[in-house]
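Have a look at model-v6.txt below; it lists compact mmCIF, C-alpha atoms.
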```
# COMPACT_ATOMS: atom_id res chain seq x y z
CA MET A 1 -97.25 -48.61 -2.57
CA GLY A 2 -96.09 -45.14 -3.59
CA ARG A 3 -95.43 -44.24 0.01
CA ASP A 4 -93.29 -47.29 0.57
CA LYS A 5 -91.24 -46.53 -2.56
CA HIS A 6 -90.68 -42.92 -1.48
CA ALA A 7 -89.66 -44.05 2.01
CA LEU A 8 -87.22 -46.56 0.50
CA ILE A 9 -85.62 -43.93 -1.67
CA THR A 10 -85.36 -41.56 1.29
CA GLY A 11 -83.75 -44.24 3.42
CA LEU A 12 -81.25 -45.14 0.73
CA PHE A 13 -80.33 -41.45 0.29
CA LEU A 14 -79.75 -41.07 4.02
CA ILE A 15 -77.61 -44.18 4.10
CA VAL A 16 -75.48 -42.95 1.17
CA PHE A 17 -75.19 -39.47 2.67
CA VAL A 18 -74.10 -40.79 6.06
CA ALA A 19 -71.56 -43.09 4.41
CA ALA A 20 -70.17 -40.23 2.35
CA VAL A 21 -69.85 -37.96 5.38
CA THR A 22 -68.16 -40.74 7.32
CA ALA A 23 -65.71 -41.34 4.48
CA ILE A 24 -64.92 -37.65 4.26
CA ILE A 25 -64.35 -37.38 8.00
CA TYR A 26 -62.16 -40.43 7.92
CA TRP A 27 -60.19 -39.07 4.97
CA ILE A 28 -59.73 -35.73 6.67
CA GLY A 29 -58.57 -37.42 9.85
CA HIS A 30 -56.24 -39.66 7.89
CA PHE A 31 -54.93 -36.62 5.97
CA GLU A 32 -54.23 -34.77 9.18
CA ARG A 33 -52.29 -37.69 10.53
CA GLU A 34 -50.10 -37.68 7.40
CA ARG A 35 -48.82 -34.16 8.09
CA ASN A 36 -46.49 -32.62 10.66
CA VAL A 37 -46.91 -29.16 12.16
CA TYR A 38 -44.01 -26.74 12.42
CA VAL A 39 -43.99 -23.13 13.62
CA ILE A 40 -42.25 -20.24 11.91
CA SER A 41 -41.35 -17.20 14.03
CA THR A 42 -40.33 -13.71 13.03
CA ARG A 43 -40.19 -10.12 14.22
CA GLU A 44 -40.51 -8.76 10.67
CA SER A 45 -43.69 -7.93 8.75
CA VAL A 46 -45.54 -10.79 7.03
CA SER A 47 -47.76 -8.62 4.83
CA GLY A 48 -49.35 -10.56 1.98
CA LEU A 49 -49.26 -13.87 3.87
CA ASN A 50 -52.63 -15.50 4.57
CA PRO A 51 -53.86 -18.77 6.04
CA GLU A 52 -53.98 -21.51 3.40
CA SER A 53 -50.96 -19.93 1.65
CA THR A 54 -48.78 -22.59 0.04
CA VAL A 55 -45.55 -23.70 1.68
CA PHE A 56 -42.68 -24.57 -0.67
CA TYR A 57 -39.52 -26.49 0.16
CA ARG A 58 -36.77 -26.04 -2.42
CA GLY A 59 -39.38 -24.99 -4.96
CA ILE A 60 -41.79 -27.90 -4.33
CA ALA A 61 -45.19 -27.43 -2.64
CA VAL A 62 -45.12 -29.49 0.56
CA GLY A 63 -47.81 -27.92 2.75
CA LYS A 64 -49.78 -24.84 3.70
CA VAL A 65 -50.10 -22.12 6.32
CA ILE A 66 -52.52 -23.02 9.13
CA ASN A 67 -52.73 -19.72 10.97
CA ILE A 68 -50.99 -16.39 11.59
CA LYS A 69 -50.91 -15.06 15.16
CA PHE A 70 -48.86 -13.16 17.73
CA ASP A 71 -46.85 -14.98 20.36
CA PRO A 72 -48.89 -14.79 23.60
CA ASN A 73 -45.65 -14.43 25.60
CA ASP A 74 -44.12 -11.73 23.35
CA SER A 75 -46.32 -9.57 21.15
CA GLY A 76 -43.30 -8.53 19.08
CA ILE A 77 -43.01 -12.08 17.67
CA ILE A 78 -45.33 -13.35 14.94
CA LEU A 79 -45.98 -17.09 14.83
CA VAL A 80 -46.95 -18.85 11.60
CA PRO A 81 -47.92 -22.52 12.17
CA ILE A 82 -47.56 -24.59 9.00
CA GLU A 83 -48.37 -28.19 8.16
CA VAL A 84 -45.97 -30.14 5.98
CA ASP A 85 -46.09 -33.60 4.44
CA LYS A 86 -44.94 -36.19 6.93
CA ASN A 87 -42.36 -37.68 4.58
CA ILE A 88 -40.48 -34.35 4.46
CA VAL A 89 -37.65 -34.29 6.99
CA PHE A 90 -36.09 -30.97 7.96
CA THR A 91 -32.75 -30.34 9.66
CA LYS A 92 -32.08 -27.64 12.23
CA GLY A 93 -30.45 -25.57 9.50
CA VAL A 94 -33.81 -24.92 7.78
CA PHE A 95 -35.04 -21.33 7.45
CA ALA A 96 -38.01 -19.61 5.81
CA THR A 97 -38.42 -16.60 3.50
CA LEU A 98 -41.39 -14.91 1.91
CA ARG A 99 -41.76 -14.96 -1.86
CA LEU A 100 -44.22 -13.02 -3.98
CA LYS A 101 -47.00 -14.83 -5.76
CA GLY A 102 -47.03 -13.26 -9.20
CA VAL A 103 -48.24 -9.65 -9.27
CA THR A 104 -51.09 -10.15 -6.80
CA GLY A 105 -49.13 -8.87 -3.81
CA LEU A 106 -49.74 -12.13 -1.95
CA THR A 107 -46.81 -14.01 -0.50
CA GLN A 108 -45.98 -17.64 0.12
CA ILE A 109 -43.59 -19.47 2.43
CA GLN A 110 -40.32 -20.64 0.90
CA LEU A 111 -38.29 -23.09 3.02
CA GLU A 112 -34.57 -23.59 2.42
CA ASP A 113 -31.97 -25.67 4.22
CA SER A 114 -28.48 -24.25 4.73
CA GLY A 115 -27.10 -27.72 5.48
CA THR A 116 -24.87 -26.37 8.25
CA ILE A 117 -26.70 -28.27 11.05
CA PRO A 118 -27.36 -31.91 10.12
CA ALA A 119 -29.50 -32.67 13.23
CA VAL A 120 -33.17 -33.47 12.46
CA LEU A 121 -35.71 -30.77 13.36
CA PRO A 122 -38.59 -32.26 15.39
CA PRO A 123 -42.13 -31.01 14.64
CA GLY A 124 -44.20 -29.11 17.19
CA ASP A 125 -44.42 -25.66 18.76
CA ASN A 126 -41.24 -25.70 20.80
CA PRO A 127 -39.69 -22.17 21.10
CA MET A 128 -36.24 -23.79 20.76
CA THR A 129 -37.09 -25.53 17.46
CA ARG A 130 -39.06 -22.82 15.68
CA ILE A 131 -38.11 -22.09 12.08
CA PRO A 132 -36.72 -18.54 11.66
CA LEU A 133 -38.13 -16.27 8.96
CA VAL A 134 -35.25 -14.31 7.37
CA PRO A 135 -35.60 -11.35 4.99
CA SER A 136 -35.56 -12.27 1.33
CA LEU A 137 -33.71 -10.39 -1.38
CA THR A 138 -36.91 -8.50 -2.20
CA ASP A 139 -37.36 -7.51 1.43
CA LYS A 140 -33.77 -6.26 1.59
CA LEU A 141 -34.29 -4.20 -1.56
CA MET A 142 -37.53 -2.76 -0.21
CA ASN A 143 -35.91 -1.92 3.14
CA THR A 144 -33.00 -0.16 1.44
CA GLY A 145 -35.17 1.42 -1.25
CA GLU A 146 -35.73 4.61 0.73
CA GLU A 147 -32.02 5.01 1.39
CA ILE A 148 -31.25 4.38 -2.28
CA LEU A 149 -33.82 6.99 -3.34
CA HIS A 150 -32.37 9.48 -0.87
CA LYS A 151 -28.86 8.94 -2.24
CA ALA A 152 -30.14 9.21 -5.82
CA ASP A 153 -31.91 12.47 -4.98
CA HIS A 154 -28.74 13.82 -3.33
CA LEU A 155 -26.72 12.81 -6.39
CA MET A 156 -29.15 14.55 -8.75
CA VAL A 157 -28.96 17.72 -6.65
CA ARG A 158 -25.16 17.64 -6.79
CA LEU A 159 -25.20 17.06 -10.55
CA SER A 160 -27.67 19.90 -11.02
CA SER A 161 -25.42 22.19 -8.98
CA LEU A 162 -22.36 21.07 -10.94
CA LEU A 163 -24.00 21.64 -14.33
CA ASN A 164 -25.32 25.14 -13.69
CA ASP A 165 -24.98 27.89 -16.30
CA GLU A 166 -21.71 29.26 -14.91
CA ASN A 167 -20.01 25.86 -14.75
CA THR A 168 -21.30 24.95 -18.21
CA LYS A 169 -19.73 28.15 -19.54
CA ASN A 170 -16.48 27.35 -17.72
CA ILE A 171 -16.43 23.86 -19.21
CA GLY A 172 -16.92 25.36 -22.66
CA ASP A 173 -14.03 27.78 -22.06
CA ILE A 174 -11.82 24.90 -20.87
CA LEU A 175 -12.60 22.92 -24.00
CA GLY A 176 -11.79 25.98 -26.14
CA ASN A 177 -8.48 26.44 -24.32
CA LEU A 178 -7.66 22.79 -24.84
CA LYS A 179 -8.30 23.18 -28.54
CA THR A 180 -5.99 26.24 -28.69
CA LEU A 181 -3.34 24.42 -26.68
CA THR A 182 -3.52 21.49 -29.07
CA GLY A 183 -2.84 23.82 -32.00
CA LYS A 184 0.12 25.40 -30.21
CA LEU A 185 1.51 21.99 -29.37
CA SER A 186 1.33 21.09 -33.06
CA ASP A 187 3.28 24.25 -33.98
CA LEU A 188 5.80 23.53 -31.23
CA GLN A 189 6.25 20.01 -32.58
CA LYS A 190 7.08 21.44 -36.00
CA SER A 191 9.61 23.87 -34.45
CA VAL A 192 11.22 21.05 -32.50
CA ASP A 193 11.51 18.99 -35.67
CA LYS A 194 13.30 21.89 -37.38
CA ALA A 195 15.58 22.32 -34.37
CA LEU A 196 16.41 18.64 -34.32
CA ALA A 197 17.36 18.87 -37.98
CA GLY A 198 20.00 21.54 -37.10
CA ILE A 199 21.46 19.64 -34.15
CA PRO A 200 24.03 17.65 -36.25
CA ALA A 201 25.68 20.88 -37.48
CA LEU A 202 25.81 22.33 -33.94
CA THR A 203 27.22 19.05 -32.69
CA ALA A 204 29.93 19.13 -35.35
CA ASP A 205 30.92 22.69 -34.27
CA THR A 206 31.03 21.62 -30.66
CA GLN A 207 33.18 18.60 -31.47
CA LYS A 208 35.54 20.85 -33.46
CA THR A 209 35.88 23.23 -30.51
CA LEU A 210 36.54 20.32 -28.19
CA GLY A 211 39.20 19.07 -30.62
CA HIS A 212 40.98 22.41 -30.43
CA ILE A 213 40.85 22.31 -26.65
CA ASN A 214 42.26 18.79 -26.67
CA ALA A 215 45.10 19.89 -28.98
CA LEU A 216 45.92 22.81 -26.69
CA THR A 217 45.91 20.48 -23.73
CA ARG A 218 48.38 18.17 -25.46
CA ASP A 219 50.63 21.16 -26.27
CA LEU A 220 50.44 22.29 -22.69
CA GLN A 221 51.45 18.82 -21.54
CA GLY A 222 54.43 18.94 -23.94
CA VAL A 223 55.49 22.32 -22.60
CA THR A 224 55.16 21.01 -19.07
CA THR A 225 57.42 18.12 -20.00
CA GLU A 226 59.97 20.49 -21.45
CA VAL A 227 59.85 22.66 -18.32
CA LYS A 228 60.42 19.58 -16.15
CA THR A 229 63.35 18.55 -18.39
CA LEU A 230 64.81 22.01 -18.17
CA SER A 231 64.38 21.98 -14.42
CA ARG A 232 66.35 18.76 -14.19
CA LYS A 233 69.04 20.18 -16.44
CA ALA A 234 69.12 23.34 -14.32
CA GLY A 235 69.95 21.24 -11.28
CA ASN A 236 72.89 19.64 -13.08
CA LEU A 237 74.08 22.79 -14.85
CA VAL A 238 74.24 25.32 -12.09
CA ASP A 239 77.39 26.74 -13.53
CA THR A 240 75.86 27.12 -16.97
CA GLY A 241 72.86 29.18 -15.81
CA LYS A 242 73.45 31.76 -18.42
CA THR A 243 73.19 29.24 -21.25
CA THR A 244 70.03 27.76 -19.74
CA ARG A 245 68.51 31.22 -19.32
CA GLU A 246 69.21 32.02 -22.94
CA LEU A 247 67.71 28.69 -24.05
CA LEU A 248 64.68 29.36 -21.92
CA MET A 249 64.28 32.93 -23.21
CA LEU A 250 64.90 32.14 -26.86
CA LYS A 251 63.05 28.84 -27.36
CA THR A 252 60.84 27.77 -24.50
CA LEU A 253 59.25 31.08 -23.48
CA PRO A 254 58.12 32.00 -27.04
CA LYS A 255 56.44 28.61 -27.35
CA PHE A 256 54.92 28.98 -23.92
CA ASN A 257 53.64 32.48 -24.73
CA LYS A 258 52.16 31.22 -28.00
CA LEU A 259 50.51 28.35 -26.15
CA LEU A 260 49.08 30.70 -23.52
CA THR A 261 47.75 32.96 -26.28
CA GLU A 262 45.99 30.05 -28.01
CA LEU A 263 44.71 28.79 -24.66
CA GLN A 264 43.34 32.26 -23.87
CA SER A 265 41.66 32.40 -27.30
CA ALA A 266 40.08 28.98 -26.73
CA ALA A 267 38.94 30.03 -23.25
CA GLN A 268 37.32 33.17 -24.71
CA GLN A 269 35.59 31.07 -27.37
CA VAL A 270 34.25 28.71 -24.66
CA LYS A 271 33.18 31.73 -22.59
CA ARG A 272 31.33 33.21 -25.59
CA THR A 273 29.63 29.84 -26.19
CA ALA A 274 28.57 29.64 -22.52
CA ALA A 275 27.27 33.24 -22.63
CA MET A 276 25.33 32.49 -25.81
CA LEU A 277 23.73 29.41 -24.19
CA ASP A 278 22.98 31.40 -21.02
CA ASN A 279 21.30 34.27 -22.92
CA ASN A 280 19.65 32.13 -25.58
CA PRO A 281 19.27 28.46 -24.40
CA GLN A 282 17.12 27.54 -27.36
CA SER A 283 20.10 28.10 -29.63
CA LEU A 284 21.27 24.63 -28.50
CA LEU A 285 18.27 23.25 -30.46
CA LEU A 286 17.57 26.03 -32.99
CA GLY A 287 21.18 27.07 -33.67
CA PRO A 288 22.71 30.56 -33.23
CA ASP A 289 20.77 33.58 -34.39
CA ARG A 290 21.78 34.80 -37.82
CA HIS A 291 22.59 38.56 -37.86
CA ASN A 292 23.35 40.59 -40.88
CA SER A 293 27.07 41.36 -41.31
CA GLY A 294 28.10 44.92 -40.55
CA PRO A 295 30.57 47.09 -42.41
CA GLY A 296 34.00 45.57 -42.39
CA GLU A 297 32.67 42.08 -41.46
CA PRO A 298 32.83 39.08 -43.77
CA GLY A 299 29.76 38.75 -45.94
CA TYR A 300 28.79 42.42 -45.68
CA GLU A 301 27.03 43.81 -48.71
CA GLU A 302 26.35 47.45 -49.22
CA PRO A 303 22.70 48.31 -49.78
CA LYS A 304 21.84 49.10 -53.32
```

Could I get this structure in the form of structure tokens?
Amino acid sequence: MGRDKHALITGLFLIVFVAAVTAIIYWIGHFERERNVYVISTRESVSGLNPESTVFYRGIAVGKVINIKFDPNDSGIILVPIEVDKNIVFTKGVFATLRLKGVTGLTQIQLEDSGTIPAVLPPGDNPMTRIPLVPSLTDKLMNTGEEILHKADHLMVRLSSLLNDENTKNIGDILGNLKTLTGKLSDLQKSVDKALAGIPALTADTQKTLGHINALTRDLQGVTTEVKTLSRKAGNLVDTGKTTRELLMLKTLPKFNKLLTELQSAAQQVKRTAAMLDNNPQSLLLGPDRHNSGPGEPGYEEPK
């Protein structure tokens, strides 16, 4: 009786085991039929990528990596077959990148769709429909990292050469000179302010001189008018030349000589002003230099 019971238990166990294995095989076969196989191709490195690595599409896990191998027709191309859920439909604008998995150094497949080619991408290992693997931002940074470090090293060398002891001393001297120049500019500003305060008086003197010149000009115009009048009279009074000559000698010529004298005095005054400005231009702003009066000059005081 014990043997029959043991045989019954053994038989039941075998039946359950066979049923379980059959169900698992069926499930695996059914699972395989629910997925499509695509192939990713690249000529770049796929370090960190392993079989069974997760495949993401727009951030959602949709499959896994089946295998990693070289193209038998071109050893420079790496082929990465992946299986993706059958309900996921790709277009021909899809592309793949590698993304790091935490800090482990392992990578995963990230699929993105540019949307530029709306045609549906058929599954299978057709060289014309393989998904390209493009460098990610991390890959670009790693590829350009050596160049960036070289440029940074070159920049540090240049900065070290620029900031040597001699240049540091020169920079200190330049800053000291700038400080001195700032002080001189402040003093110059004060001098200019004083000069500007004296400009009204100089302007009044200039206007007075110009007024004298204008008066002399008017007198000269009057004399010219008289000369013209006398010339007309001379044409009509040819016979009275003696009278005209006396009138010209007694009245007109003295006035004309006086006018010429005043005009010569004004011209000398203008000449002295021009010479003063030529020899001392700052007098236009600072005013004429004040000299002590000499003996016989107004304002002279004998020393006590």

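Minimum distance to Asp125 in chain A across A:Ala61, A:Leu220, A:Ile174, A:Ile82 (counting all atoms listed in the file) occurs at A:Ile82.
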
Shortest contact to Gly59 in chain A, candidates A:Leu159, A:Leu263, A:Gln221, A:Gln110, atoms counted all atoms listed in the file, goes to A:Gln110

Using 8 Å of padding on each side, determine the axis-aligned box around all atoms of range 16-19 of chain A present in the file and give its centre and edge lengths in Å to one decimal, as AutoDock Vina command-line options.
```
--center_x -73.5 --center_y -41.3 --center_z 3.6 --size_x 19.9 --size_y 19.6 --size_z 20.9
```

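The coordinates place CA of Pro51 in chain A at 10.3 Å from CA of Lys69 in chain A.
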
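You will find CA of Val55 in chain A at 6.3 Å from CA of Gln108 in chain A.
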
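With only C-alpha atoms as the atoms that count, the minimum distance from Asp113 in chain A to the choices A:Asn126, A:Phe56, A:Leu137, A:Ile78 is reached by A:Phe56.
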
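CA of Pro81 in chain A sits 9.0 Å away from CA of Lys64 in chain A.
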
List the spatial neighbours of Asp85 in chain A as a list of chain:residue names - criterion: any atom at most 9 Å away, all atoms listed in the file, same-chain residues fewer than 2 positions off excluded. A:Glu34, A:Arg35, A:Asn36, A:Val37, A:Val62, A:Gly63, A:Glu83, A:Asn87, A:Ile88, A:Val89

Exercise: Ala119 in chain A partners within 10 Å, only C-alpha atoms, chain neighbours under 5 positions left out, as a ChimeraX atom specification: /A:90-93

For the residues selected in the previous step, produce a file with C-alpha atoms as a compact mmCIF listing (two decimals), keeping the file's coordinate frame.
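And here is the file that came out, selection24.txt:
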```txt
# COMPACT_ATOMS: atom_id res chain seq x y z
CA PHE A 90 -36.09 -30.97 7.96
CA THR A 91 -32.75 -30.34 9.66
CA LYS A 92 -32.08 -27.64 12.23
CA GLY A 93 -30.45 -25.57 9.50
```

Shortest contact to Thr209 in chain A, candidates A:His154, A:Lys271, A:Lys101, A:Lys190, atoms counted only C-alpha atoms, goes to A:Lys271

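Taking only C-alpha atoms into account, those protein, DNA and RNA residues with any atom at most 9 Å away from (-36.8, -19.7, 9.3) amount to Ile40, Ser41, Thr42, Gly93, Val94, Phe95, Ala96, Thr97, Leu111, Glu112, Arg130, Ile131, Pro132, Leu133 and Val134 of chain A.
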
Pick out the residues sitting within 12 Å of range 43-48 of chain A, and hand them over as a ChimeraX atom specification; count all atoms listed in the file, and ignore anything fewer than 5 positions along from it in its own chain. /A:53,68-71,74-80,96-109,132-136,139-140,143
